[in-house]
Amino acid sequence: MFTSIKGKSVIVTGGSKGIGRGIARVFAAQGAHITIVSRGEEGAKSACDEINSLGGKATFVKCDVSDWDSVKAMVDIVAETQGGIDIMCANAGIFPQKKIIDMEPDEWDQVMATNLKSAFLCVKACIPHFERKRRGRVILTSSITGPVTGFPGWSHYGASKAGQMGFLRTAAIELAKYNTTINALLPGNIYTEGLNDLGPEYFDVMAAAIPLRRLGTVEDIGNAALFFATDEAAYITGQQMVIDGGQILPESIEAIEEI
Ligand SMILES: NC(=O)c1ccc[n+]([C@@H]2O[C@H](COP(=O)([O-])OP(=O)(O)OC[C@H]3O[C@@H](n4cnc5c(N)ncnc54)[C@H](OP(=O)(O)O)[C@@H]3O)[C@@H](O)[C@H]2O)c1
């Protein structure tokens, strides 16, 4: 049994839907106080209502994670209202699909700012609060796309997610001074409400390429995040965990057709 995270102050960027909402639910079920962060208010309020109606504690702070002033203000508000910050889940991200030949330079910049620069901004804003508590945890949501695999239309996305891994390794060394760890989740194909429109055929095709024969759930990612947040994971830093049902393992289509 792991040490409880009850009462910890947890920020989940992109917590209004998808994986972030799942991470928020998992942490809230363990008694943590969740701050849901997103630009839009509607989804975030519904995520808070869901958690609060189940007896958890969640509040919403609006923020654009690609903007320093917005991130700094958000982190400072959370620290003031929740008595500090214990865990930062830097999860918000975008994944517009555009082939290199069609991509405009500002589309590249927007993905980099939302997915990669945001990791730096979230960590930077939290450092004074981790220093004060002499403890902290940062959990980045990266992806298998970029650090491990590629997919047409996601050159900017893959670069941003691989860039997070480069950031992670140096950040781990710098954050050690504040008794703070930073680790990354690398999800494979995770079922989120945003994928609903793609239809059952899409899910069947995706599942066929995964040894465990199913897409991941947002709770699969939330549980991995929870492990990195525990006291028992205190000696793990600068590491990445792939959560993909074995998706990256087959060396060829034949390898998966054999099973
Ligand atoms: N779903 C997958 O299969 C999968 C696989 C691997 C990795 N991931 C990663 O997991 C993370 C979450 O993905 P998801 O599928 O859950 O995405 P999603 O359902 O589209 O949710 C994205 C979340 O990020 C927020 N967000 C986007 N831009 C933001 C900004 N500039 N400032 C603040 N919040 C922002 C969104 O809220 P607003 O739009 O209201 O701001 C929303 O809450 C991403 O980093 C993604 O790259 C996902």
# chains A, B, ... in the order shown; residues from 1 in each chain; ligands from 1

$ select_by_dssp --residues "stretch 137-231 of chain A" --states "strand (DSSP E or B)" --output "NGL selection string"
:A and (137-141 or 145 or 149 or 180-187 or 190 or 216)

$ closest_atom_pairs --of "stretch 47-112 of chain A" --to "stretch 133-143 of chain A" --cutoff "9 Å" --atoms "only C-alpha atoms" --output "JSON lines"
{"residue": "A:Gly84", "atom": "CA", "partner": "A:Lys133", "partner_atom": "CA", "distance": 7.6}
{"residue": "A:Ile85", "atom": "CA", "partner": "A:Gly136", "partner_atom": "CA", "distance": 7.5}
{"residue": "A:Asp86", "atom": "CA", "partner": "A:Gly136", "partner_atom": "CA", "distance": 5.2}
{"residue": "A:Ile87", "atom": "CA", "partner": "A:Arg137", "partner_atom": "CA", "distance": 4.7}
{"residue": "A:Met88", "atom": "CA", "partner": "A:Val138", "partner_atom": "CA", "distance": 4.8}
{"residue": "A:Cys89", "atom": "CA", "partner": "A:Ile139", "partner_atom": "CA", "distance": 4.8}
{"residue": "A:Ala90", "atom": "CA", "partner": "A:Leu140", "partner_atom": "CA", "distance": 4.9}
{"residue": "A:Asn91", "atom": "CA", "partner": "A:Thr141", "partner_atom": "CA", "distance": 4.7}
{"residue": "A:Ala92", "atom": "CA", "partner": "A:Thr141", "partner_atom": "CA", "distance": 7.8}
{"residue": "A:Gly93", "atom": "CA", "partner": "A:Thr141", "partner_atom": "CA", "distance": 8.4}

$ write_last_selection --atoms "N, CA and C atoms" --output "short mmCIF file (atom, residue, chain, number, x, y, z; two decimals), in the first residue's frame"
data_model
loop_
_atom_site.label_atom_id
_atom_site.label_comp_id
_atom_site.auth_asym_id
_atom_site.auth_seq_id
_atom_site.Cartn_x
_atom_site.Cartn_y
_atom_site.Cartn_z
N GLY A 84 -0.07 26.11 -0.77
CA GLY A 84 1.13 25.66 -1.48
C GLY A 84 0.79 24.76 -2.65
N ILE A 85 1.85 24.21 -3.23
CA ILE A 85 1.67 23.27 -4.35
C ILE A 85 2.51 22.03 -4.07
N ASP A 86 1.88 20.89 -4.15
CA ASP A 86 2.60 19.63 -3.93
C ASP A 86 2.92 18.91 -5.24
N ILE A 87 1.97 18.93 -6.16
CA ILE A 87 2.12 18.13 -7.39
C ILE A 87 1.63 18.95 -8.58
N MET A 88 2.49 19.07 -9.59
CA MET A 88 2.10 19.74 -10.83
C MET A 88 2.02 18.69 -11.94
N CYS A 89 0.81 18.47 -12.45
CA CYS A 89 0.64 17.59 -13.61
C CYS A 89 0.53 18.46 -14.84
N ALA A 90 1.63 18.62 -15.56
CA ALA A 90 1.65 19.46 -16.76
C ALA A 90 1.19 18.60 -17.93
N ASN A 91 -0.10 18.61 -18.16
CA ASN A 91 -0.72 17.65 -19.08
C ASN A 91 -1.31 18.30 -20.33
N ALA A 92 -1.67 19.59 -20.25
CA ALA A 92 -2.38 20.22 -21.38
C ALA A 92 -1.57 20.09 -22.67
N GLY A 93 -2.25 19.82 -23.75
CA GLY A 93 -1.55 19.72 -25.02
C GLY A 93 -2.51 19.76 -26.18
#

$ select_by_dssp --residues "stretch 61-202 of chain A" --states "helix (DSSP H, G or I)" --output "PyMOL selection string"
chain A and resi 68-82+100-102+105-133+155-178+193-202

$ residues_around --residues "A:Pro211" --least-positions-apart "3" --cutoff "8 Å" --atoms "only C-alpha atoms" --output "list of chain:residue names"
A:Ala208, A:Gly245, A:Gly246, A:Gln247, A:Ile256

$ residues_near_ligand --ligand "ligand 1" --cutoff "6 Å" --atoms "only C-alpha atoms and all ligand atoms" --output "list in words"
Thr13, Gly14, Gly15, Ser16, Lys17, Gly18, Ile19, Gly20, Ser38, Arg39, Gly40, Cys63, Asp64, Val65, Ser66, Asn91, Ala92, Gly93, Ile94, Thr114, Thr141, Ser142, Ser143, Pro187, Gly188, Asn189, Ile190, Thr192 and Gly194 of chain A

$ closest_residue --among "A:Glu258, A:Asp49, A:Asp244, A:Glu232" --to "A:Arg214" --atoms "only C-alpha atoms"
A:Asp244

$ residues_around --residues "A:Ala125" --least-positions-apart "2" --cutoff "8 Å" --atoms "only C-alpha atoms" --output "list in words"
Val71, Lys72, Val75, Asp76, Leu121, Cys122, Val123, Ile127 and Pro128 of chain A

$ write_last_selection --atoms "C-alpha atoms" --output "compact mmCIF listing (two decimals), in the first residue's frame"
# COMPACT_ATOMS: atom_id res chain seq x y z
CA VAL A 71 0.89 30.45 -15.77
CA LYS A 72 2.63 32.47 -13.05
CA VAL A 75 0.32 28.92 -9.88
CA ASP A 76 0.47 31.79 -7.37
CA LEU A 121 6.68 27.63 -17.68
CA CYS A 122 4.81 25.29 -15.31
CA VAL A 123 8.05 24.07 -13.72
CA ILE A 127 9.96 26.19 -8.16
CA PRO A 128 9.55 28.86 -5.42

$ residues_around --residues "stretch 158-171 of chain A" --least-positions-apart "6" --cutoff "10 Å" --atoms "only C-alpha atoms" --output "ChimeraX atom specification"
/A:93,95,108-109,111-120,123-124,138-152,180-184,186,237-240

$ residues_around --residues "stretch 98-104 of chain A" --least-positions-apart "2" --cutoff "6 Å" --atoms "only C-alpha atoms" --output "VMD selection string"
chain A and resid 106 to 107 153

$ write_last_selection --atoms "C-alpha atoms" --output "PDB file, in the first residue's frame"
ATOM      1  CA  ASP A 106       3.015  29.786 -36.891  1.00  0.00           C
ATOM      2  CA  GLU A 107       1.211  26.430 -36.636  1.00  0.00           C
ATOM      3  CA  GLY A 153       0.962  15.044 -39.756  1.00  0.00           C
TER       4      GLY A 153
END

$ residues_around --residues "A:Gly7" --least-positions-apart "6" --cutoff "7 Å" --atoms "only C-alpha atoms" --output "ChimeraX atom specification"
/A:31-33

$ write_last_selection --atoms "N, CA and C atoms" --output "mmCIF file, in the first residue's frame"
data_model
loop_
_atom_site.group_PDB
_atom_site.id
_atom_site.type_symbol
_atom_site.label_atom_id
_atom_site.label_comp_id
_atom_site.auth_asym_id
_atom_site.auth_seq_id
_atom_site.Cartn_x
_atom_site.Cartn_y
_atom_site.Cartn_z
ATOM 1 N N GLY A 31 -8.240 11.697 -2.276
ATOM 2 C CA GLY A 31 -8.377 12.752 -1.267
ATOM 3 C C GLY A 31 -7.538 13.993 -1.507
ATOM 4 N N ALA A 32 -6.916 14.099 -2.691
ATOM 5 C CA ALA A 32 -6.134 15.307 -2.984
ATOM 6 C C ALA A 32 -7.074 16.457 -3.346
ATOM 7 N N HIS A 33 -6.592 17.684 -3.188
ATOM 8 C CA HIS A 33 -7.362 18.847 -3.630
ATOM 9 C C HIS A 33 -6.875 19.217 -5.025
#

$ closest_residue --among "A:Ile77, A:Ala255, A:Ile243, A:Ala44" --to "A:Gly222" --atoms "only C-alpha atoms"
A:Ile243

$ atom_distance --atom1 "atom CA of A:Phe27" --atom2 "atom CA of A:Met74"
19.5 Å
